Each structure stands twice: as structure tokens, then as C-alpha cells.
>>> print(open('structure.cif').read())   # mmCIF, C-alpha atoms
data_target
loop_
_atom_site.group_PDB
_atom_site.id
_atom_site.type_symbol
_atom_site.label_atom_id
_atom_site.label_comp_id
_atom_site.auth_asym_id
_atom_site.auth_seq_id
_atom_site.Cartn_x
_atom_site.Cartn_y
_atom_site.Cartn_z
ATOM 1 C CA MET N 261 0.000 0.000 0.000
ATOM 2 C CA THR N 262 1.288 3.466 -0.838
ATOM 3 C CA GLU N 263 0.192 6.802 0.475
ATOM 4 C CA PRO N 264 1.447 10.312 -0.235
ATOM 5 C CA VAL N 265 3.602 12.004 2.371
ATOM 6 C CA ARG N 266 2.236 15.425 3.302
ATOM 7 C CA GLU N 267 4.083 18.609 2.465
ATOM 8 C CA VAL N 268 5.714 20.490 5.332
ATOM 9 C CA PRO N 269 7.217 23.967 5.683
ATOM 10 C CA ALA N 270 10.852 24.066 4.551
ATOM 11 C CA GLU N 271 11.742 25.901 7.760
ATOM 12 C CA LEU N 272 10.740 22.790 9.753
ATOM 13 C CA LEU N 273 12.921 20.551 7.569
ATOM 14 C CA ILE N 274 15.872 22.876 8.105
ATOM 15 C CA ARG N 275 15.326 22.962 11.879
ATOM 16 C CA ALA N 276 14.946 19.188 12.012
ATOM 17 C CA ASN N 277 18.110 18.713 9.970
ATOM 18 C CA ASN N 278 20.014 21.061 12.279
ATOM 19 C CA ALA N 279 18.762 19.200 15.361
ATOM 20 C CA ALA N 280 19.812 15.850 13.889
ATOM 21 C CA ALA N 281 23.229 17.192 12.862
ATOM 22 C CA LYS N 282 23.988 18.482 16.366
ATOM 23 C CA ASP N 283 23.425 15.116 18.024
ATOM 24 C CA ARG N 284 25.221 11.780 17.767
ATOM 25 C CA ARG N 285 25.212 9.994 14.399
ATOM 26 C CA GLY N 286 22.768 7.295 13.386
ATOM 27 C CA PHE N 287 19.159 7.046 12.255
ATOM 28 C CA GLU N 288 17.733 6.356 15.715
ATOM 29 C CA ASN N 289 19.597 9.256 17.320
ATOM 30 C CA ALA N 290 18.551 11.599 14.522
ATOM 31 C CA MET N 291 14.909 10.659 15.034
ATOM 32 C CA ILE N 292 15.154 11.304 18.777
ATOM 33 C CA SER N 293 16.823 14.677 18.179
ATOM 34 C CA ILE N 294 14.128 15.718 15.689
ATOM 35 C CA ILE N 295 11.321 14.641 18.013
ATOM 36 C CA LYS N 296 12.886 16.485 20.970
ATOM 37 C CA ALA N 297 13.325 19.639 18.886
ATOM 38 C CA LEU N 298 9.889 19.795 17.263
ATOM 39 C CA SER N 299 7.368 17.616 19.121
ATOM 40 C CA LYS N 300 5.921 20.423 21.242
ATOM 41 C CA GLU N 301 4.921 22.480 18.213
ATOM 42 C CA VAL N 302 4.072 20.051 15.383
ATOM 43 C CA SER N 303 1.715 17.108 15.010
ATOM 44 C CA ILE N 304 2.779 13.473 14.882
ATOM 45 C CA GLY N 305 1.797 13.445 11.207
ATOM 46 C CA ASP N 306 4.122 16.370 10.524
ATOM 47 C CA LEU N 307 6.960 14.691 12.441
ATOM 48 C CA ILE N 308 6.551 11.576 10.313
ATOM 49 C CA ALA N 309 6.463 13.649 7.117
ATOM 50 C CA ILE N 310 9.560 15.600 8.176
ATOM 51 C CA CYS N 311 11.506 12.414 8.892
ATOM 52 C CA CYS N 312 10.399 10.758 5.630
ATOM 53 C CA ARG N 313 11.312 13.828 3.607
ATOM 54 C CA LEU N 314 14.728 14.196 5.261
ATOM 55 C CA GLN N 315 15.437 10.503 4.637
ATOM 56 C CA ALA N 316 14.499 10.886 0.964
ATOM 57 C CA LEU N 317 16.665 14.008 0.696
ATOM 58 C CA ALA N 318 19.592 12.183 2.290
ATOM 59 C CA ALA N 319 19.157 9.267 -0.109
ATOM 60 C CA LEU N 320 19.061 11.620 -3.089
ATOM 61 C CA THR N 321 22.180 13.525 -2.059
ATOM 62 C CA ARG N 322 24.035 10.274 -1.279
ATOM 63 C CA SER N 323 23.248 8.544 -4.554
ATOM 64 C CA ASP N 324 23.067 11.365 -7.109
ATOM 65 C CA ASP N 325 25.086 14.347 -8.115
ATOM 66 C CA VAL N 326 22.757 17.213 -7.373
ATOM 67 C CA SER N 327 25.190 19.799 -8.619
ATOM 68 C CA GLY N 328 24.667 23.271 -7.245
ATOM 69 C CA LEU N 329 22.457 22.060 -4.391
ATOM 70 C CA THR N 330 25.101 20.386 -2.235
ATOM 71 C CA MET N 331 28.727 20.996 -1.408
ATOM 72 C CA ASN N 332 30.959 18.328 0.139
ATOM 73 C CA LEU N 333 33.495 19.519 2.661
ATOM 74 C CA HIS N 334 36.964 17.993 2.406
ATOM 75 C CA GLY N 335 37.647 15.571 5.218
ATOM 76 C CA ARG N 336 34.043 15.612 6.461
ATOM 77 C CA GLU N 337 31.290 12.994 6.368
ATOM 78 C CA TYR N 338 28.518 15.416 5.500
ATOM 79 C CA SER N 339 27.368 17.758 2.762
ATOM 80 C CA LEU N 340 26.159 21.321 2.950
ATOM 81 C CA ILE N 341 22.710 21.539 1.394
ATOM 82 C CA ASN N 342 21.365 24.642 -0.321
ATOM 83 C CA GLU N 343 18.112 26.113 1.057
ATOM 84 C CA ALA N 344 16.478 25.570 -2.357
ATOM 85 C CA ALA N 345 17.002 21.812 -1.884
ATOM 86 C CA PHE N 346 15.190 21.938 1.472
ATOM 87 C CA LYS N 347 12.327 23.867 -0.130
ATOM 88 C CA ALA N 348 12.089 21.249 -2.879
ATOM 89 C CA ALA N 349 12.237 18.434 -0.313
ATOM 90 C CA ALA N 350 9.406 20.082 1.634
ATOM 91 C CA THR N 351 7.038 20.116 -1.353
ATOM 92 C CA CYS N 352 8.175 17.524 -3.916
ATOM 93 C CA PRO N 353 5.693 14.651 -4.232
ATOM 94 C CA LEU N 354 6.810 11.715 -2.089
ATOM 95 C CA VAL N 355 5.076 8.394 -1.593
ATOM 96 C CA LEU N 356 5.766 6.198 1.434
ATOM 97 C CA ARG N 357 6.187 2.604 0.309
ATOM 98 C CA GLY N 358 6.143 0.292 3.307
ATOM 99 C CA SER N 359 8.357 1.591 6.105
ATOM 100 C CA PHE N 360 10.722 4.533 6.653
ATOM 101 C CA GLY N 361 13.533 4.671 4.152
ATOM 102 C CA ASP N 362 11.490 3.063 1.374
ATOM 103 C CA SER N 363 10.694 6.371 -0.313
ATOM 104 C CA GLU N 364 12.545 8.542 -2.746
ATOM 105 C CA PHE N 365 11.957 11.694 -4.711
ATOM 106 C CA ASP N 366 11.669 11.613 -8.455
ATOM 107 C CA ARG N 367 15.076 13.126 -9.272
ATOM 108 C CA GLU N 368 13.886 15.190 -12.250
ATOM 109 C CA GLU N 369 10.871 16.632 -10.401
ATOM 110 C CA PHE N 370 13.027 17.386 -7.359
ATOM 111 C CA LEU N 371 15.634 19.213 -9.473
ATOM 112 C CA ARG N 372 12.929 21.163 -11.336
ATOM 113 C CA LEU N 373 11.455 22.353 -8.028
ATOM 114 C CA ALA N 374 14.851 23.144 -6.530
ATOM 115 C CA LEU N 375 15.767 25.209 -9.574
ATOM 116 C CA SER N 376 12.496 27.139 -9.343
ATOM 117 C CA PHE N 377 13.208 27.927 -5.659
ATOM 118 C CA ALA N 378 16.796 28.912 -6.446
ATOM 119 C CA GLU N 379 15.547 31.310 -9.148
ATOM 120 C CA GLN N 380 13.118 32.903 -6.674
ATOM 121 C CA GLU N 381 15.933 33.384 -4.153
ATOM 122 C CA GLY N 382 18.167 34.982 -6.785
ATOM 123 C CA SER N 383 15.656 37.413 -8.256
ATOM 124 C CA GLY N 384 15.012 40.841 -6.849
#
>>> encode(input="structure.cif", output="C-alpha cells")
Amino acid sequence: MTEPVREVPAELLIRANNAAAKDRRGFENAMISIIKALSKEVSIGDLIAICCRLQALAALTRSDDVSGLTMNLHGREYSLINEAAFKAAATCPLVLRGSFGDSEFDREEFLRLALSFAEQEGSG
């Protein structure tokens, strides 16, 4: 059975990512950090959507070259992610297939959205 994962504000994805990055490594620790950081202000459904969307974003940046949206730091285990990528991850269609980690963004749709957000940031 598949069901769509709800959209969430990009600001919540960024805050969740920051909370996970500040704590010890590992999926379980990241989940605990995100829940501790956001549980008092967002619903359980939003927490699930945030975690699913961050997992899909992590999978995309691990497996694909998303040039211009990430920057690897020499000697580090992590990538810096452009705000446009978080905005795309917050709104790009995502379907949960089974359990956590079984979802991914359509790469072309994700890149199209990220580019549109990057253009909005750069205009004006």
C-alpha cells in the first residue's frame, strides 16, 4: 500500500536537519533529536512527514550528483545543502512505500522544483 507524504514547511525541515546534525550519528539518534526539537509544536503526522522527507533528501544527495544544491566539505562525512534543496524536499511529491527509508523523490521533479526555488531566491 502506498500513500502520499504530506508537504511540510521548509523551515521545519531545516530545523529538524540542524537538530539531527547536532546530536550523535545514526538514524535512531537523529529521530530522537528531531522529536525532541519539534514535538511540542508540530503534530505526529508532521513529524513523520519531516523524517520521511529528510530521509528521501539524504538518499538523493548520497546517490546522485545534485550539482549546485550540495557541497561536500573535504575531510568531512557530510554535505552542505542549499536552502532551495530543502524547499524542494518540503514540497516535492513523495510516496511512502512500506516503512521509513522506502521512499525517494523523483530526481527530475526534485531538481525542477529546486531550480524554481533557487531562481526565486536569486531574483530581486
>>> residues_near_point(input="structure.cif", point="(14.7, 27.2, 16.2)", cutoff="12 Å", atoms="only C-alpha atoms", output="PyMOL selection string")
chain N and resi 271-279+294+296-298+301
>>> atom_distance(input="structure.cif", atom1="atom CA of N:Phe377", atom2="atom CA of N:Lys347")
6.9 Å
>>> atom_distance(input="structure.cif", atom1="atom CA of N:Asp306", atom2="atom CA of N:Ala270")
11.8 Å
>>> residues_around(input="structure.cif", residues="N:Ser363", least_positions_apart="6", cutoff="9 Å", atoms="all atoms listed in the file", output="number ranges by chain")
N: 312-313, 315-316, 319, 354-357
>>> write_last_selection(input="structure.cif", atoms="C-alpha atoms", output="CSV table (one decimal), in the frame of the given file")
chain,number,residue,atom,x,y,z
N,312,CYS,CA,10.4,10.8,5.6
N,313,ARG,CA,11.3,13.8,3.6
N,315,GLN,CA,15.4,10.5,4.6
N,316,ALA,CA,14.5,10.9,1.0
N,319,ALA,CA,19.2,9.3,-0.1
N,354,LEU,CA,6.8,11.7,-2.1
N,355,VAL,CA,5.1,8.4,-1.6
N,356,LEU,CA,5.8,6.2,1.4
N,357,ARG,CA,6.2,2.6,0.3
>>> atom_distance(input="structure.cif", atom1="atom CA of N:Leu373", atom2="atom CA of N:Ala348")
5.3 Å
>>> closest_residue(input="structure.cif", among="N:Pro353, N:Phe346, N:Ala290, N:Ala281", to="N:Glu263", atoms="all atoms listed in the file")
N:Pro353
>>> axis_aligned_box(input="structure.cif", around="stretch 269-282 of chain N", padding_each_side="5 Å", output="JSON")
{"center_x": 15.6, "center_y": 20.9, "center_z": 10.5, "size_x": 26.8, "size_y": 20.1, "size_z": 21.8}
